[in-house]
$ cat start-v6.csv   # CSV, C-alpha atoms
chain,number,residue,atom,x,y,z
A,1483,LEU,CA,81.4,177.5,70.0
A,1484,TYR,CA,84.9,178.3,71.3
A,1485,GLU,CA,86.6,177.5,68.1
A,1486,TYR,CA,84.2,179.6,66.1
A,1487,LEU,CA,84.9,182.6,68.3
A,1488,LEU,CA,88.6,182.3,67.4
A,1489,LYS,CA,87.9,181.5,63.7
A,1490,ARG,CA,85.5,184.4,63.2
A,1491,TRP,CA,88.1,186.7,64.7
A,1492,LEU,CA,90.8,185.2,62.4
A,1493,MET,CA,88.6,185.5,59.3
A,1494,TYR,CA,87.6,189.1,59.8
A,1495,GLY,CA,89.2,190.8,62.8
A,1496,LEU,CA,92.7,189.9,63.8
A,1497,SER,CA,93.3,192.9,66.0
A,1498,PRO,CA,94.5,192.3,69.5
A,1499,PRO,CA,91.4,191.6,71.7
A,1500,SER,CA,90.9,194.2,74.3
A,1501,PRO,CA,91.6,193.1,77.9
A,1502,GLY,CA,88.6,195.2,79.1
A,1503,PRO,CA,84.9,194.3,79.1
A,1504,ALA,CA,83.4,193.8,75.7
A,1505,PRO,CA,80.8,196.3,74.6
A,1506,GLY,CA,77.2,195.3,75.4
A,1507,PRO,CA,74.6,194.6,72.6
A,1508,ALA,CA,72.7,197.8,73.3
A,1509,GLN,CA,75.9,199.9,73.0
A,1510,ASN,CA,76.9,198.1,69.8
A,1511,ALA,CA,73.5,198.7,68.2
A,1512,ALA,CA,73.5,202.4,69.2
A,1513,GLU,CA,76.9,203.0,67.8
A,1514,ALA,CA,76.1,201.2,64.6
A,1515,ALA,CA,72.8,203.2,64.2
A,1516,LEU,CA,74.6,206.5,64.6
A,1517,SER,CA,77.2,205.6,62.0
A,1518,GLY,CA,76.9,206.1,58.3
A,1519,LYS,CA,78.4,202.6,57.8
A,1520,ALA,CA,76.1,200.7,60.1
A,1521,LEU,CA,76.6,197.3,58.6
A,1522,ALA,CA,80.3,197.6,58.4
A,1523,ASP,CA,80.6,199.0,61.9
A,1524,SER,CA,78.4,196.4,63.4
A,1525,THR,CA,80.4,193.6,61.7
A,1526,ALA,CA,83.6,195.1,63.1
A,1527,VAL,CA,82.1,195.2,66.5
A,1528,ALA,CA,81.1,191.6,66.2
A,1529,ASP,CA,84.6,190.6,65.1
A,1530,ALA,CA,86.2,192.4,68.1
A,1531,ALA,CA,83.6,190.8,70.4
A,1532,CYS,CA,84.5,187.4,69.1
A,1533,GLY,CA,88.1,187.9,69.9
A,1534,HIS,CA,87.3,189.2,73.4
A,1535,MET,CA,84.9,186.3,74.1
A,1536,TYR,CA,87.5,183.8,72.9
A,1537,THR,CA,90.2,185.1,75.2
A,1538,THR,CA,87.8,185.2,78.1
A,1539,SER,CA,86.7,181.6,77.4
A,1540,VAL,CA,90.3,180.4,77.3
A,1541,LYS,CA,90.9,182.0,80.7
A,1542,ASP,CA,87.9,180.4,82.2
A,1543,ILE,CA,88.7,176.9,80.7
A,1544,ARG,CA,92.2,177.1,82.2
A,1545,GLU,CA,90.9,178.2,85.5
A,1546,HIS,CA,88.0,175.8,86.0
A,1547,LEU,CA,88.5,172.8,83.7
A,1548,VAL,CA,92.2,172.1,83.1
A,1549,ARG,CA,93.7,169.8,85.7
A,1550,PHE,CA,96.6,167.4,86.1
A,1551,SER,CA,95.9,163.7,86.6
A,1552,GLU,CA,97.8,161.8,89.3
A,1553,GLU,CA,99.9,160.4,86.5
A,1554,GLY,CA,100.9,164.0,85.6
A,1555,ARG,CA,98.9,164.4,82.4
A,1556,LEU,CA,97.2,167.7,81.7
A,1557,PHE,CA,93.6,167.2,80.6
A,1558,ILE,CA,90.3,169.1,80.2
A,1559,GLY,CA,87.6,167.8,82.5
A,1560,SER,CA,83.9,168.5,82.5
A,1561,TRP,CA,81.6,170.2,84.9
A,1562,ASP,CA,78.4,168.5,86.1
A,1563,TYR,CA,75.8,171.2,86.5
A,1564,LYS,CA,73.4,168.9,88.4
A,1565,THR,CA,75.9,168.0,91.1
A,1566,THR,CA,78.0,171.2,90.7
A,1567,ARG,CA,81.1,169.0,90.8
A,1568,PHE,CA,84.1,168.7,88.5
A,1569,LYS,CA,84.4,165.3,86.6
A,1570,PRO,CA,87.9,164.0,86.0
A,1571,GLU,CA,87.2,162.7,82.6
A,1572,MET,CA,87.8,163.9,79.0
A,1573,ASP,CA,85.8,163.3,75.9
A,1574,ALA,CA,87.6,162.5,72.7
A,1575,VAL,CA,85.5,165.4,71.2
A,1576,ALA,CA,87.3,167.8,73.5
A,1577,CYS,CA,90.6,167.0,71.7
A,1578,PHE,CA,89.8,169.8,69.2
A,1579,ALA,CA,90.9,172.2,71.9
A,1580,PRO,CA,94.7,171.7,71.9
A,1581,GLY,CA,94.8,172.7,68.2
A,1582,MET,CA,92.5,175.6,68.9
A,1583,PHE,CA,94.8,176.9,71.7
A,1584,ALA,CA,97.8,176.5,69.5
A,1585,LEU,CA,96.2,178.3,66.6
A,1586,GLY,CA,95.0,181.1,68.9
A,1587,GLY,CA,98.3,181.4,70.7
A,1588,MET,CA,100.2,181.8,67.4
A,1589,ALA,CA,97.8,184.4,66.0
A,1590,MET,CA,97.7,186.4,69.3
A,1591,ALA,CA,101.4,186.0,70.1
A,1592,ASP,CA,100.4,184.2,73.3
A,1593,SER,CA,103.0,181.6,74.0
A,1594,ALA,CA,101.1,180.3,77.1
A,1595,GLN,CA,98.2,179.2,74.8
A,1596,VAL,CA,100.7,177.3,72.5
A,1597,ILE,CA,102.3,175.6,75.5
A,1598,LEU,CA,98.9,174.6,76.8
A,1599,GLY,CA,97.9,173.2,73.4
A,1600,GLU,CA,101.1,171.2,73.1
A,1601,ALA,CA,100.7,169.7,76.6
A,1602,LEU,CA,97.0,168.8,76.0
A,1603,ALA,CA,97.9,167.3,72.6
A,1604,GLN,CA,100.2,164.8,74.3
A,1605,THR,CA,97.3,163.7,76.5
A,1606,CYS,CA,95.0,163.4,73.5
A,1607,ALA,CA,97.5,161.2,71.7
A,1608,ALA,CA,97.9,159.1,74.8
A,1609,LEU,CA,94.1,158.5,74.8
A,1610,ALA,CA,94.7,156.4,71.7
A,1611,LEU,CA,98.3,155.2,72.0
A,1612,THR,CA,97.8,153.7,75.5
A,1613,THR,CA,94.9,151.4,74.6
A,1614,PRO,CA,95.4,147.8,73.4
A,1615,THR,CA,94.0,148.7,70.0
A,1616,GLY,CA,95.7,152.1,69.6
A,1617,LEU,CA,92.3,153.7,69.2
A,1618,PRO,CA,90.9,156.3,71.6
A,1619,PRO,CA,87.8,155.7,73.7
A,1620,GLU,CA,84.8,158.0,73.5
A,1621,ILE,CA,85.6,159.2,77.1
A,1622,ALA,CA,88.7,158.7,79.1
A,1623,ASP,CA,88.7,158.5,82.9
A,1624,PHE,CA,91.5,160.4,84.8
A,1625,GLY,CA,90.1,159.8,88.3
A,1626,GLY,CA,92.2,157.8,90.8
A,1627,ALA,CA,95.8,156.6,90.6
A,1628,GLY,CA,97.3,154.9,87.6
A,1629,ARG,CA,97.3,155.5,83.9
A,1630,VAL,CA,94.5,157.1,81.9
A,1631,ARG,CA,91.9,154.5,81.1
A,1632,PRO,CA,88.7,154.2,79.0
A,1633,LYS,CA,85.7,155.1,81.1
A,1634,HIS,CA,83.3,152.3,81.9
A,1635,GLY,CA,80.4,152.4,79.4
A,1636,ALA,CA,82.3,154.7,77.0
A,1637,LYS,CA,85.0,152.4,75.7
A,1638,HIS,CA,83.7,152.7,72.1
A,1639,HIS,CA,85.4,154.5,69.2
A,1640,LEU,CA,83.4,156.3,66.5
A,1641,LEU,CA,86.2,157.2,64.1
A,1642,ARG,CA,86.2,160.7,65.4
A,1643,PRO,CA,88.5,163.3,63.9
A,1644,GLU,CA,89.4,165.7,66.7
A,1645,ILE,CA,92.7,164.1,67.8
A,1646,ILE,CA,93.9,164.0,64.2
A,1647,GLU,CA,92.7,167.6,63.7
A,1648,THR,CA,94.8,168.8,66.6
A,1649,LEU,CA,97.9,166.8,65.5
A,1650,PHE,CA,97.5,168.4,62.0
A,1651,ILE,CA,97.3,171.9,63.3
A,1652,LEU,CA,100.3,171.5,65.7
A,1653,HIS,CA,102.4,169.9,63.0
A,1654,ARG,CA,101.7,172.8,60.7
A,1655,LEU,CA,102.5,175.3,63.4
A,1656,THR,CA,105.6,173.7,65.0
A,1657,HIS,CA,106.8,171.1,62.4
A,1658,ARG,CA,107.6,168.8,65.2
A,1659,ALA,CA,108.0,165.2,63.9
A,1660,ARG,CA,106.1,163.6,66.8
A,1661,TYR,CA,102.8,164.9,65.6
A,1662,ARG,CA,103.1,163.1,62.3
A,1663,GLU,CA,104.4,160.0,64.1
A,1664,TRP,CA,101.4,159.9,66.4
A,1665,ALA,CA,99.0,160.5,63.5
A,1666,TRP,CA,100.7,157.6,61.6
A,1667,ASP,CA,100.3,155.3,64.6
A,1668,MET,CA,96.6,156.1,64.8
A,1669,PHE,CA,96.2,155.6,61.0
A,1670,GLN,CA,97.8,152.2,61.3
A,1671,ALA,CA,95.5,151.3,64.2
A,1672,LEU,CA,92.5,152.3,62.1
A,1673,LEU,CA,93.7,150.0,59.3
A,1674,LYS,CA,94.3,147.1,61.6
A,1675,HIS,CA,91.2,147.3,63.8
A,1676,ALA,CA,88.5,149.5,62.1
A,1677,GLN,CA,88.8,148.5,58.4
A,1678,VAL,CA,86.3,145.9,57.4
A,1679,ARG,CA,85.7,143.7,54.4
A,1680,GLY,CA,85.3,145.7,51.2
A,1681,GLY,CA,87.6,148.5,52.4
A,1682,ALA,CA,85.1,150.5,54.4
A,1683,PHE,CA,85.7,151.4,58.0
A,1684,SER,CA,83.5,150.8,61.1
A,1685,GLY,CA,83.4,152.1,64.6
A,1686,VAL,CA,84.7,149.8,67.3
A,1687,LYS,CA,82.6,148.9,70.3
A,1688,ASP,CA,85.5,148.5,72.8
A,1689,VAL,CA,89.0,149.8,72.3
A,1690,THR,CA,90.3,147.4,74.9
A,1691,GLY,CA,89.6,144.5,72.5
A,1692,ALA,CA,86.9,142.9,74.7
A,1693,ARG,CA,84.1,141.2,72.8
A,1694,SER,CA,80.7,139.7,73.8
A,1695,ASP,CA,80.3,136.0,73.4
A,1696,ALA,CA,77.4,136.5,70.9
A,1697,ALA,CA,79.5,138.9,68.9
A,1698,ALA,CA,82.3,136.3,68.6
A,1699,GLU,CA,79.9,134.1,66.7
A,1700,VAL,CA,78.4,136.6,64.2
A,1701,HIS,CA,81.2,139.1,63.6
A,1702,SER,CA,84.4,138.5,61.7
A,1703,ALA,CA,87.3,139.5,64.0
A,1704,ALA,CA,89.9,142.1,63.2
A,1705,GLY,CA,92.9,140.9,65.2
A,1706,ASP,CA,96.6,141.2,65.4
A,1707,ALA,CA,99.4,138.7,65.9
A,1708,ALA,CA,98.8,138.6,69.6
A,1709,GLY,CA,95.2,137.5,69.1
A,1710,LEU,CA,93.6,140.9,70.0
A,1711,GLU,CA,90.1,141.1,68.6
A,1712,VAL,CA,87.5,143.9,68.3
A,1713,GLU,CA,83.8,144.0,67.7
A,1714,HIS,CA,82.5,146.5,65.1
A,1715,ASP,CA,79.4,148.6,65.3
A,1716,ASP,CA,78.8,148.4,61.5
A,1717,ARG,CA,78.6,152.2,61.3
A,1718,MET,CA,80.9,154.6,59.3
A,1719,GLU,CA,80.0,158.1,60.4
A,1720,SER,CA,80.1,160.8,57.6
A,1721,PHE,CA,82.7,162.8,59.6
A,1722,PHE,CA,85.2,160.0,59.1
A,1723,LEU,CA,85.4,160.8,55.4
A,1724,ALA,CA,84.8,164.5,55.7
A,1725,GLU,CA,87.2,165.2,58.6
A,1726,THR,CA,89.3,162.2,59.9
A,1727,LEU,CA,90.7,161.2,56.5
A,1728,LYS,CA,91.0,164.8,55.3
A,1729,TYR,CA,93.2,165.7,58.3
A,1730,LEU,CA,95.2,162.6,57.8
A,1731,PHE,CA,95.8,163.6,54.2
A,1732,LEU,CA,96.7,167.1,55.2
A,1733,ILE,CA,99.1,166.2,58.0
A,1734,PHE,CA,101.2,164.1,55.6
A,1735,GLY,CA,100.9,166.5,52.7
A,1736,ASP,CA,102.7,169.7,51.8
A,1737,ASP,CA,102.2,172.9,53.9
A,1738,GLY,CA,101.1,174.6,50.7
A,1739,VAL,CA,97.9,172.7,50.7
A,1740,LEU,CA,95.3,174.8,52.6
A,1741,PRO,CA,98.0,177.0,54.3
A,1742,LEU,CA,96.8,178.2,57.7
A,1743,HIS,CA,97.6,181.8,56.9
A,1744,GLU,CA,95.1,181.7,54.1
A,1745,TYR,CA,92.3,179.4,55.4
A,1746,VAL,CA,90.5,178.3,58.5
A,1747,LEU,CA,88.8,175.0,58.6
A,1748,ASN,CA,85.4,175.0,60.2
A,1749,THR,CA,84.1,172.3,62.6
A,1750,GLU,CA,83.3,170.1,59.6
A,1751,ALA,CA,86.7,170.6,58.1
A,1752,HIS,CA,85.4,172.8,55.2
A,1753,PRO,CA,88.1,175.3,54.2
A,1754,LEU,CA,87.1,179.0,54.4
A,1755,ARG,CA,89.4,181.6,52.9
A,1756,LEU,CA,90.6,184.4,55.2
A,1757,GLN,CA,90.1,188.0,54.1
A,1758,PRO,CA,93.2,189.1,52.2
A,1759,THR,CA,94.3,191.8,54.8
A,1760,THR,CA,93.7,189.8,58.0
A,1761,VAL,CA,96.6,187.5,58.5
A,1762,PRO,CA,100.3,188.3,57.7
A,1763,SER,CA,101.8,185.4,55.7
A,1764,ASP,CA,104.4,184.7,58.4
A,1765,THR,CA,101.9,184.5,61.3
A,1766,PHE,CA,101.8,180.7,61.4
A,1767,SER,CA,105.3,180.0,60.1

$ encode --input "start-v6.csv" --output "structure tokens"
Amino acid sequence: LYEYLLKRWLMYGLSPPSPGPAPGPAQNAAEAALSGKALADSTAVADAACGHMYTTSVKDIREHLVRFSEEGRLFIGSWDYKTTRFKPEMDAVACFAPGMFALGGMAMADSAQVILGEALAQTCAALALTTPTGLPPEIADFGGAGRVRPKHGAKHHLLRPEIIETLFILHRLTHRARYREWAWDMFQALLKHAQVRGGAFSGVKDVTGARSDAAAEVHSAAGDAAGLEVEHDDRMESFFLAETLKYLFLIFGDDGVLPLHEYVLNTEAHPLRLQPTTVPSDTFS
């Protein structure tokens, strides 16, 4: 939802979101009905509302969900509505957010969003680079002292794209070499631990390298020189081809391929062309 608020605004709006309250639905409908250009006006109202809802969401996320771990890493936690308590854990899926913040910050000339995005991107990269396999777990636990660690019961890796997506966006926006380097390390980890016979890729059941005794008998191990082995789940999700590999291709490609001042990529990494008058060519340069 959050990224679509931003991307709708980027595609059709791109006027500074108003800091005041957004117009209500009834007011929007009444204004559109009184206008001779009802459809165009209602669309413009929706675009402005998306920008407002996005900035409001960013404010609330920063206030309620962004925390520092004891190790000093910034992360986005989750809220348990049943217990009404904050949970110091971060899903790998949430790693789309740093790229979203950076994109929104650049477009809105909001340096605080860009700084937040870069800090969270370092944490997302660490989700992968601090595990024995170099692959991120489904959920990371930031509770207690010590380094970030895979959450018990969520140590699996599903070949998700969100970390690579964020690294791609941040590299395009900043051209900092570290984002390519982190992406390359993750790609090498995929080749070493997730690629199976025949060239396909599979999810990994435990990014720490732990395997069940039964699995050791029926699965071929993917190991390194130190003897690290993984157990595969024998599933290659469609988003691995549609998103993970696409973002890996884009981060190592030329900036002229799907430039961010001409396209947004939706949540499935499909490129959508921006309206010709919305984004100045130097907005993301």

$ closest_residue --input "start-v6.csv" --among "A:Leu1488, A:Leu1611, A:Leu1483, A:Leu1617" --to "A:Ala1589" --atoms "only C-alpha atoms"
A:Leu1488

$ closest_residue --input "start-v6.csv" --among "A:Leu1730, A:Ile1558, A:Ala1576, A:Leu1492" --to "A:Ile1646" --atoms "all atoms listed in the file"
A:Leu1730

$ atom_distance --input "start-v6.csv" --atom1 "atom CA of A:Leu1602" --atom2 "atom CA of A:Leu1732"
20.9 Å

$ atom_distance --input "start-v6.csv" --atom1 "atom CA of A:His1638" --atom2 "atom CA of A:Asp1715"
9.0 Å

$ atom_distance --input "start-v6.csv" --atom1 "atom CA of A:His1639" --atom2 "atom CA of A:Tyr1729"
17.5 Å

$ closest_residue --input "start-v6.csv" --among "A:Met1668, A:Met1590, A:Ala1603, A:Ala1574" --to "A:Ile1651" --atoms "all atoms listed in the file"
A:Ala1603

$ residues_around --input "start-v6.csv" --residues "A:Ile1621" --least-positions-apart "6" --cutoff "6 Å" --atoms "only C-alpha atoms" --output "list in words"
Met1572, Asp1573, Ala1574, Lys1633 and Ala1636 of chain A

$ closest_residue --input "start-v6.csv" --among "A:Val1686, A:Ser1539, A:Ala1608, A:Glu1644" --to "A:Val1712" --atoms "all atoms listed in the file"
A:Val1686
